[in-house]
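First the structure, in the form of structure tokens, and then the observations on it.
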Amino acid sequence: MTFDAMAFSATDHAMMAQALRLAERGAYTTKPNPMVGCVIAHGDEVVGEGWHAIAGGPHAEVVALQAAGDRARGATVYVTLEPCAHTGRTGPCADALIAAGVGRVIAAMRDPFPQVDGAGFERLRAAGIVVGHGLMAAAARRLNHGFLSRIERRRPWVRVKLAMSLDGRTALANGDSKWISGEASRRDVMRWRARAGALLTGAGTVLADDPQLTVRFDDDTPFVPPLRVVLDPGLATVGRGHVRAGDASTLYFHAPDAKPPRMFDAAHAAVGMRDGLLDLDAVLQALAAREINEVQVEAGATLAGALLRAGLVDEVLLYVAPILLGAEARPLFDGLRIDDMAQRLHLRTVETRHLGDDLRLLLRPERE
Ligand code: AOF
Ligand code: ZN
């Protein structure tokens, strides 16, 4: 049977759905690696499960094979990403699957990582294993949109987090923006932060809000702390703000002519200027080069607006609080000039949810 002709059964779907749920367990810890889940089964009977928990640790298939032991022989393996064929921090999963004598491997999607990219499937087929792929591919892509963005577009996935009043305002005219959203929303933000490889803000937000940009959970859920990134063309915030307190590291991007002070010990990098702002494309490319898959932007309307205008926003995470801030307060995105309804920007609502008194929307700008 060729993989193109393989029809997936209801059992196949249920097993892959479980593999995707297992993969999610690595959401806060696998970065910069993708999240991967694996289920090994004989028909409806699951004999092994695994997920990739941490970069450098065993891959999902290896964990599941260990759990299955001898029962892996002749079994079907469901995995959310193509098994690897390279020797990276661990040995190739394709070889481990072959050695265990599995009968069939079904993957949700191909791994675009240059050292894999189809080579895993080929190696399995060459060993006589039946290979299928494409089962629940859309869900698998969504799961790893950050990793895929870094590999395929050489820039991270960009999520802009905003909290607004019912009248669409994010801060008072004097810059005060604490507290718009409620307690449940603020707890929820921590979970999204923990998924991100970097939290990005601007010098204006550091001066006005003094955020810590750390993950603070009220339980002991493990996570890899995201890098804090400050866009500060003139290095005006050096030595100021909470953004360097706590355990996470901080990286400053500045204009080429800004001179870091002599005793400045934080990581910093110069990027060019474009339209009076740091070149945002260059910033994102530099973050991808540092293996950042997903960036969460927590900044004001200036940076959010600049990213949106540059077409660099992949996702908007919006908390809507049932309060009114009035017409003098600041909007969501600065610099959008729309004189004609034909110019209006469309976003697609991907998900809505209630959090206490707030409403959480997940939106994607529509690209033409
Ligand atoms: C798999 N199963 O569970 C994962 C895979 O540095 P390494 O050795 O951990 O390799 C990382 C690369 O391996 C990563 O970029 C991605 O292409 C693949 N991840 N592959 O077969 C897994 N996590
Ligand atoms: Zn692997």
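Ligands are numbered from 1 in the order shown, residues from 1 within each chain, and chains are lettered A, B, ... in the order they appear in the structure tokens.
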field: Contacts of stretch 234-243 of chain A at 12 Å (only C-alpha atoms; same-chain gap of 5+ positions) as a PyMOL selection string
entry: chain A and resi 199-214+227-229+248-271+273+276-278
message: If we count only C-alpha atoms and set the cut-off at 8 Å, which residues sit around A:Glu315, ignoring sequence neighbours fewer than 3 positions away in its own chain? Please answer as JSON, numbers by chain.
response: {"A": [158, 159, 160, 362, 363, 364, 365]}
Closest atom pairs, residues of chain A within 6 Å of ligand 1, only C-alpha atoms and all ligand atoms, as a tab-separated table:
residue	atom	partner	partner_atom_place_in_ligand_line	distance
A:Asn33	CA	ligand 1	14 (C)	5.1
A:Pro34	CA	ligand 1	23 (N)	5.4
A:Val36	CA	ligand 1	3 (O)	4.7
A:His52	CA	ligand 1	3 (O)	4.6
A:Ala55	CA	ligand 1	9 (O)	5.4
A:Gly56	CA	ligand 1	9 (O)	5.0
A:His59	CA	ligand 1	3 (O)	3.4
A:Ala60	CA	ligand 1	3 (O)	3.8
A:Glu61	CA	ligand 1	2 (N)	5.9
A:Glu82	CA	ligand 1	21 (O)	5.9
A:Pro83	CA	ligand 1	21 (O)	3.4
A:Cys84	CA	ligand 1	21 (O)	3.8
A:Gly88	CA	ligand 1	8 (O)	3.4
A:Arg89	CA	ligand 1	8 (O)	3.5
A:Thr90	CA	ligand 1	8 (O)	4.4
A:Cys93	CA	ligand 1	21 (O)	5.2
A:Asp111	CA	ligand 1	17 (O)	5.8
A:Phe113	CA	ligand 1	17 (O)	4.6
Just write the chosen residues, C-alpha atoms, as a PDB file, in the first residue's frame.
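The file below, out.pdb, is the result:
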ATOM      1  CA  ASN A  33      12.374  21.722  20.079  1.00  0.00           C
ATOM      2  CA  PRO A  34       8.881  20.990  18.772  1.00  0.00           C
ATOM      3  CA  VAL A  36       5.857  15.712  19.906  1.00  0.00           C
ATOM      4  CA  HIS A  52       9.060  14.918  24.216  1.00  0.00           C
ATOM      5  CA  ALA A  55      15.231  19.636  24.535  1.00  0.00           C
ATOM      6  CA  GLY A  56      18.187  17.297  24.909  1.00  0.00           C
ATOM      7  CA  HIS A  59      12.241  11.968  21.851  1.00  0.00           C
ATOM      8  CA  ALA A  60       8.581  10.967  22.106  1.00  0.00           C
ATOM      9  CA  GLU A  61       9.018   7.707  20.152  1.00  0.00           C
ATOM     10  CA  GLU A  82       7.885  12.577  11.301  1.00  0.00           C
ATOM     11  CA  PRO A  83      10.371  10.415  13.229  1.00  0.00           C
ATOM     12  CA  CYS A  84      13.852  11.879  12.994  1.00  0.00           C
ATOM     13  CA  GLY A  88      21.253  15.275  17.161  1.00  0.00           C
ATOM     14  CA  ARG A  89      21.181  15.436  20.907  1.00  0.00           C
ATOM     15  CA  THR A  90      19.718  11.881  20.740  1.00  0.00           C
ATOM     16  CA  CYS A  93      14.028   7.641  16.217  1.00  0.00           C
ATOM     17  CA  ASP A 111       9.293  17.395   9.878  1.00  0.00           C
ATOM     18  CA  PHE A 113      13.808  20.423   9.906  1.00  0.00           C
TER      19      PHE A 113
END
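Put simply, atom CA of A:Arg142 is 19.5 Å away from atom CA of A:Val116.
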statement: Atom pair atom CA of A:Gly74 + atom CA of A:Gly128, distance 11.7 Å
message: I'd like the neighbourhood of stretch 98-100 of chain A as a PyMOL selection string, where a residue qualifies if any of its atoms comes within 10 Å (using only C-alpha atoms), though same-chain residues fewer than 3 positions away should be ignored.
response: chain A and resi 65-66+68-75+93-95+103+123-129
Suppose we keep N, CA and C atoms; can you now write the selection as a PDB file, in the first residue's frame?
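Resulting contents of out34.pdb:
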ATOM      1  N   LEU A  65       8.459   3.709  23.076  1.00  0.00           N
ATOM      2  CA  LEU A  65       9.029   2.368  22.838  1.00  0.00           C
ATOM      3  C   LEU A  65       9.471   1.732  24.148  1.00  0.00           C
ATOM      4  N   GLN A  66      10.045   2.532  25.013  1.00  0.00           N
ATOM      5  CA  GLN A  66      10.476   2.006  26.314  1.00  0.00           C
ATOM      6  C   GLN A  66       9.277   1.498  27.111  1.00  0.00           C
ATOM      7  N   ALA A  68       6.468   0.458  25.888  1.00  0.00           N
ATOM      8  CA  ALA A  68       5.850  -0.693  25.219  1.00  0.00           C
ATOM      9  C   ALA A  68       6.688  -1.970  25.369  1.00  0.00           C
ATOM     10  N   GLY A  69       7.991  -1.814  25.463  1.00  0.00           N
ATOM     11  CA  GLY A  69       8.862  -2.996  25.565  1.00  0.00           C
ATOM     12  C   GLY A  69       8.647  -3.926  24.381  1.00  0.00           C
ATOM     13  N   ASP A  70       8.557  -5.225  24.645  1.00  0.00           N
ATOM     14  CA  ASP A  70       8.401  -6.226  23.580  1.00  0.00           C
ATOM     15  C   ASP A  70       7.107  -6.072  22.804  1.00  0.00           C
ATOM     16  N   ARG A  71       6.132  -5.433  23.430  1.00  0.00           N
ATOM     17  CA  ARG A  71       4.829  -5.319  22.762  1.00  0.00           C
ATOM     18  C   ARG A  71       4.845  -4.337  21.593  1.00  0.00           C
ATOM     19  N   ALA A  72       5.983  -3.663  21.395  1.00  0.00           N
ATOM     20  CA  ALA A  72       6.093  -2.772  20.231  1.00  0.00           C
ATOM     21  C   ALA A  72       6.159  -3.570  18.925  1.00  0.00           C
ATOM     22  N   ARG A  73       6.589  -4.824  19.025  1.00  0.00           N
ATOM     23  CA  ARG A  73       6.749  -5.652  17.814  1.00  0.00           C
ATOM     24  C   ARG A  73       5.420  -5.784  17.066  1.00  0.00           C
ATOM     25  N   GLY A  74       5.428  -5.403  15.788  1.00  0.00           N
ATOM     26  CA  GLY A  74       4.227  -5.525  14.959  1.00  0.00           C
ATOM     27  C   GLY A  74       3.159  -4.473  15.227  1.00  0.00           C
ATOM     28  N   ALA A  75       3.431  -3.543  16.133  1.00  0.00           N
ATOM     29  CA  ALA A  75       2.408  -2.555  16.524  1.00  0.00           C
ATOM     30  C   ALA A  75       2.345  -1.396  15.528  1.00  0.00           C
ATOM     31  N   CYS A  93      15.217   8.399  15.816  1.00  0.00           N
ATOM     32  CA  CYS A  93      14.028   7.641  16.217  1.00  0.00           C
ATOM     33  C   CYS A  93      13.673   6.599  15.167  1.00  0.00           C
ATOM     34  N   ALA A  94      13.920   6.907  13.874  1.00  0.00           N
ATOM     35  CA  ALA A  94      13.589   5.943  12.819  1.00  0.00           C
ATOM     36  C   ALA A  94      14.317   4.627  13.092  1.00  0.00           C
ATOM     37  N   ASP A  95      15.590   4.696  13.478  1.00  0.00           N
ATOM     38  CA  ASP A  95      16.358   3.484  13.763  1.00  0.00           C
ATOM     39  C   ASP A  95      15.796   2.741  14.972  1.00  0.00           C
ATOM     40  N   GLY A 103       5.253  -2.449  13.077  1.00  0.00           N
ATOM     41  CA  GLY A 103       4.717  -2.823  11.772  1.00  0.00           C
ATOM     42  C   GLY A 103       4.344  -1.639  10.911  1.00  0.00           C
ATOM     43  N   ARG A 123      13.643   6.158   5.512  1.00  0.00           N
ATOM     44  CA  ARG A 123      14.397   5.121   6.221  1.00  0.00           C
ATOM     45  C   ARG A 123      13.450   4.021   6.729  1.00  0.00           C
ATOM     46  N   LEU A 124      12.286   4.420   7.219  1.00  0.00           N
ATOM     47  CA  LEU A 124      11.306   3.443   7.716  1.00  0.00           C
ATOM     48  C   LEU A 124      10.811   2.555   6.575  1.00  0.00           C
ATOM     49  N   ARG A 125      10.485   3.191   5.458  1.00  0.00           N
ATOM     50  CA  ARG A 125       9.988   2.422   4.299  1.00  0.00           C
ATOM     51  C   ARG A 125      11.035   1.456   3.783  1.00  0.00           C
ATOM     52  N   ALA A 126      12.272   1.932   3.758  1.00  0.00           N
ATOM     53  CA  ALA A 126      13.353   1.076   3.269  1.00  0.00           C
ATOM     54  C   ALA A 126      13.491  -0.166   4.144  1.00  0.00           C
ATOM     55  N   ALA A 127      13.069  -0.066   5.405  1.00  0.00           N
ATOM     56  CA  ALA A 127      13.148  -1.222   6.314  1.00  0.00           C
ATOM     57  C   ALA A 127      11.880  -2.068   6.255  1.00  0.00           C
ATOM     58  N   GLY A 128      10.972  -1.722   5.328  1.00  0.00           N
ATOM     59  CA  GLY A 128       9.770  -2.534   5.145  1.00  0.00           C
ATOM     60  C   GLY A 128       8.607  -2.155   6.048  1.00  0.00           C
ATOM     61  N   ILE A 129       8.708  -1.023   6.711  1.00  0.00           N
ATOM     62  CA  ILE A 129       7.614  -0.577   7.590  1.00  0.00           C
ATOM     63  C   ILE A 129       6.603   0.200   6.751  1.00  0.00           C
TER      64      ILE A 129
END
message: When you count only C-alpha atoms, which of these residues is closest to A:Arg367: A:Leu355, A:Met109, A:Leu312, A:Val130?
response: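 Ranked by minimum distance to A:Arg367, first place goes to A:Leu312.
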query: Contacts of A:Asp167 at 9 Å or less, counting only C-alpha atoms, minus same-chain residues fewer than 5 places along, as a PyMOL selection string?
result: chain A and resi 322-327
Just-selected residues, N, CA and C atoms written as a CSV table (one decimal), in the first residue's frame:
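Printed below is out13.csv as written:
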chain,number,residue,atom,x,y,z
A,322,PRO,N,-14.9,44.3,31.0
A,322,PRO,CA,-16.2,45.1,31.0
A,322,PRO,C,-16.0,46.4,31.7
A,323,ILE,N,-15.1,47.2,31.3
A,323,ILE,CA,-14.9,48.6,31.9
A,323,ILE,C,-14.9,49.6,30.7
A,324,LEU,N,-15.1,50.8,31.0
A,324,LEU,CA,-15.0,51.9,30.0
A,324,LEU,C,-13.9,52.9,30.4
A,325,LEU,N,-13.1,53.2,29.5
A,325,LEU,CA,-12.0,54.1,29.8
A,325,LEU,C,-12.1,55.5,29.1
A,326,GLY,N,-13.1,55.6,28.2
A,326,GLY,CA,-13.4,56.9,27.6
A,326,GLY,C,-12.5,57.2,26.4
A,327,ALA,N,-13.0,58.2,25.7
A,327,ALA,CA,-12.4,58.5,24.3
A,327,ALA,C,-11.0,59.1,24.3
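Using only C-alpha atoms and all ligand atoms, the smallest distance between any of A:Thr11, A:Thr76, A:Thr302, A:Thr87 and ligand 2 comes from A:Thr87.
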query: What residues in stretch 19-196 of chain A get the DSSP label alpha helix (DSSP H)? Please answer as number ranges by chain.
result: A: 19-24, 60-68, 93-100, 119-126, 137-143, 145-153, 183-195
Since we have the selection now, will you write its residues out, keeping C-alpha atoms, as a PDB file, in the first residue's frame?
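Heads up, here's the output in part10.pdb:
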ATOM      1  CA  ALA A  19      -0.740  11.607  20.661  1.00  0.00           C
ATOM      2  CA  LEU A  20      -1.510  15.312  20.118  1.00  0.00           C
ATOM      3  CA  ARG A  21      -2.754  15.633  23.712  1.00  0.00           C
ATOM      4  CA  LEU A  22       0.435  13.987  24.967  1.00  0.00           C
ATOM      5  CA  ALA A  23       2.549  16.364  22.868  1.00  0.00           C
ATOM      6  CA  GLU A  24       0.842  19.356  24.544  1.00  0.00           C
ATOM      7  CA  ALA A  60       8.581  10.967  22.106  1.00  0.00           C
ATOM      8  CA  GLU A  61       9.018   7.707  20.152  1.00  0.00           C
ATOM      9  CA  VAL A  62      11.871   6.525  22.352  1.00  0.00           C
ATOM     10  CA  VAL A  63       9.831   7.137  25.517  1.00  0.00           C
ATOM     11  CA  ALA A  64       6.840   5.279  24.042  1.00  0.00           C
ATOM     12  CA  LEU A  65       9.029   2.368  22.838  1.00  0.00           C
ATOM     13  CA  GLN A  66      10.476   2.006  26.314  1.00  0.00           C
ATOM     14  CA  ALA A  67       6.976   1.883  27.793  1.00  0.00           C
ATOM     15  CA  ALA A  68       5.850  -0.693  25.219  1.00  0.00           C
ATOM     16  CA  CYS A  93      14.028   7.641  16.217  1.00  0.00           C
ATOM     17  CA  ALA A  94      13.589   5.943  12.819  1.00  0.00           C
ATOM     18  CA  ASP A  95      16.358   3.484  13.763  1.00  0.00           C
ATOM     19  CA  ALA A  96      14.837   2.847  17.196  1.00  0.00           C
ATOM     20  CA  LEU A  97      11.446   2.078  15.580  1.00  0.00           C
ATOM     21  CA  ILE A  98      13.073  -0.286  13.073  1.00  0.00           C
ATOM     22  CA  ALA A  99      15.027  -2.065  15.818  1.00  0.00           C
ATOM     23  CA  ALA A 100      11.836  -2.536  17.843  1.00  0.00           C
ATOM     24  CA  ALA A 119      14.449  11.189   5.422  1.00  0.00           C
ATOM     25  CA  GLY A 120      12.746   9.619   8.448  1.00  0.00           C
ATOM     26  CA  PHE A 121       9.886   8.271   6.326  1.00  0.00           C
ATOM     27  CA  GLU A 122      12.298   6.975   3.711  1.00  0.00           C
ATOM     28  CA  ARG A 123      14.397   5.121   6.221  1.00  0.00           C
ATOM     29  CA  LEU A 124      11.306   3.443   7.716  1.00  0.00           C
ATOM     30  CA  ARG A 125       9.988   2.422   4.299  1.00  0.00           C
ATOM     31  CA  ALA A 126      13.353   1.076   3.269  1.00  0.00           C
ATOM     32  CA  ALA A 137      -2.040  17.440   9.965  1.00  0.00           C
ATOM     33  CA  ALA A 138      -3.785  20.773  10.577  1.00  0.00           C
ATOM     34  CA  ALA A 139      -3.907  20.191  14.331  1.00  0.00           C
ATOM     35  CA  ALA A 140      -0.272  19.058  14.318  1.00  0.00           C
ATOM     36  CA  ARG A 141       0.796  22.214  12.465  1.00  0.00           C
ATOM     37  CA  ARG A 142      -1.170  24.401  14.887  1.00  0.00           C
ATOM     38  CA  LEU A 143       0.516  22.691  17.811  1.00  0.00           C
ATOM     39  CA  HIS A 145       3.300  26.883  14.701  1.00  0.00           C
ATOM     40  CA  GLY A 146       6.295  28.445  16.462  1.00  0.00           C
ATOM     41  CA  PHE A 147       8.811  25.738  15.513  1.00  0.00           C
ATOM     42  CA  LEU A 148       7.419  25.592  11.963  1.00  0.00           C
ATOM     43  CA  SER A 149       7.607  29.368  11.602  1.00  0.00           C
ATOM     44  CA  ARG A 150      11.242  29.400  12.675  1.00  0.00           C
ATOM     45  CA  ILE A 151      12.232  26.593  10.304  1.00  0.00           C
ATOM     46  CA  GLU A 152      10.055  27.541   7.321  1.00  0.00           C
ATOM     47  CA  ARG A 153       9.985  31.382   7.517  1.00  0.00           C
ATOM     48  CA  GLU A 183      -7.342  38.234  38.039  1.00  0.00           C
ATOM     49  CA  ALA A 184      -8.304  35.149  35.973  1.00  0.00           C
ATOM     50  CA  SER A 185      -7.027  36.798  32.781  1.00  0.00           C
ATOM     51  CA  ARG A 186      -3.747  37.736  34.399  1.00  0.00           C
ATOM     52  CA  ARG A 187      -3.263  34.136  35.520  1.00  0.00           C
ATOM     53  CA  ASP A 188      -4.092  32.964  32.006  1.00  0.00           C
ATOM     54  CA  VAL A 189      -1.432  35.273  30.527  1.00  0.00           C
ATOM     55  CA  MET A 190       1.199  33.403  32.540  1.00  0.00           C
ATOM     56  CA  ARG A 191       0.352  30.153  30.676  1.00  0.00           C
ATOM     57  CA  TRP A 192       0.783  31.888  27.310  1.00  0.00           C
ATOM     58  CA  ARG A 193       4.023  33.456  28.474  1.00  0.00           C
ATOM     59  CA  ALA A 194       5.356  30.041  29.468  1.00  0.00           C
ATOM     60  CA  ARG A 195       4.753  28.699  25.950  1.00  0.00           C
TER      61      ARG A 195
END
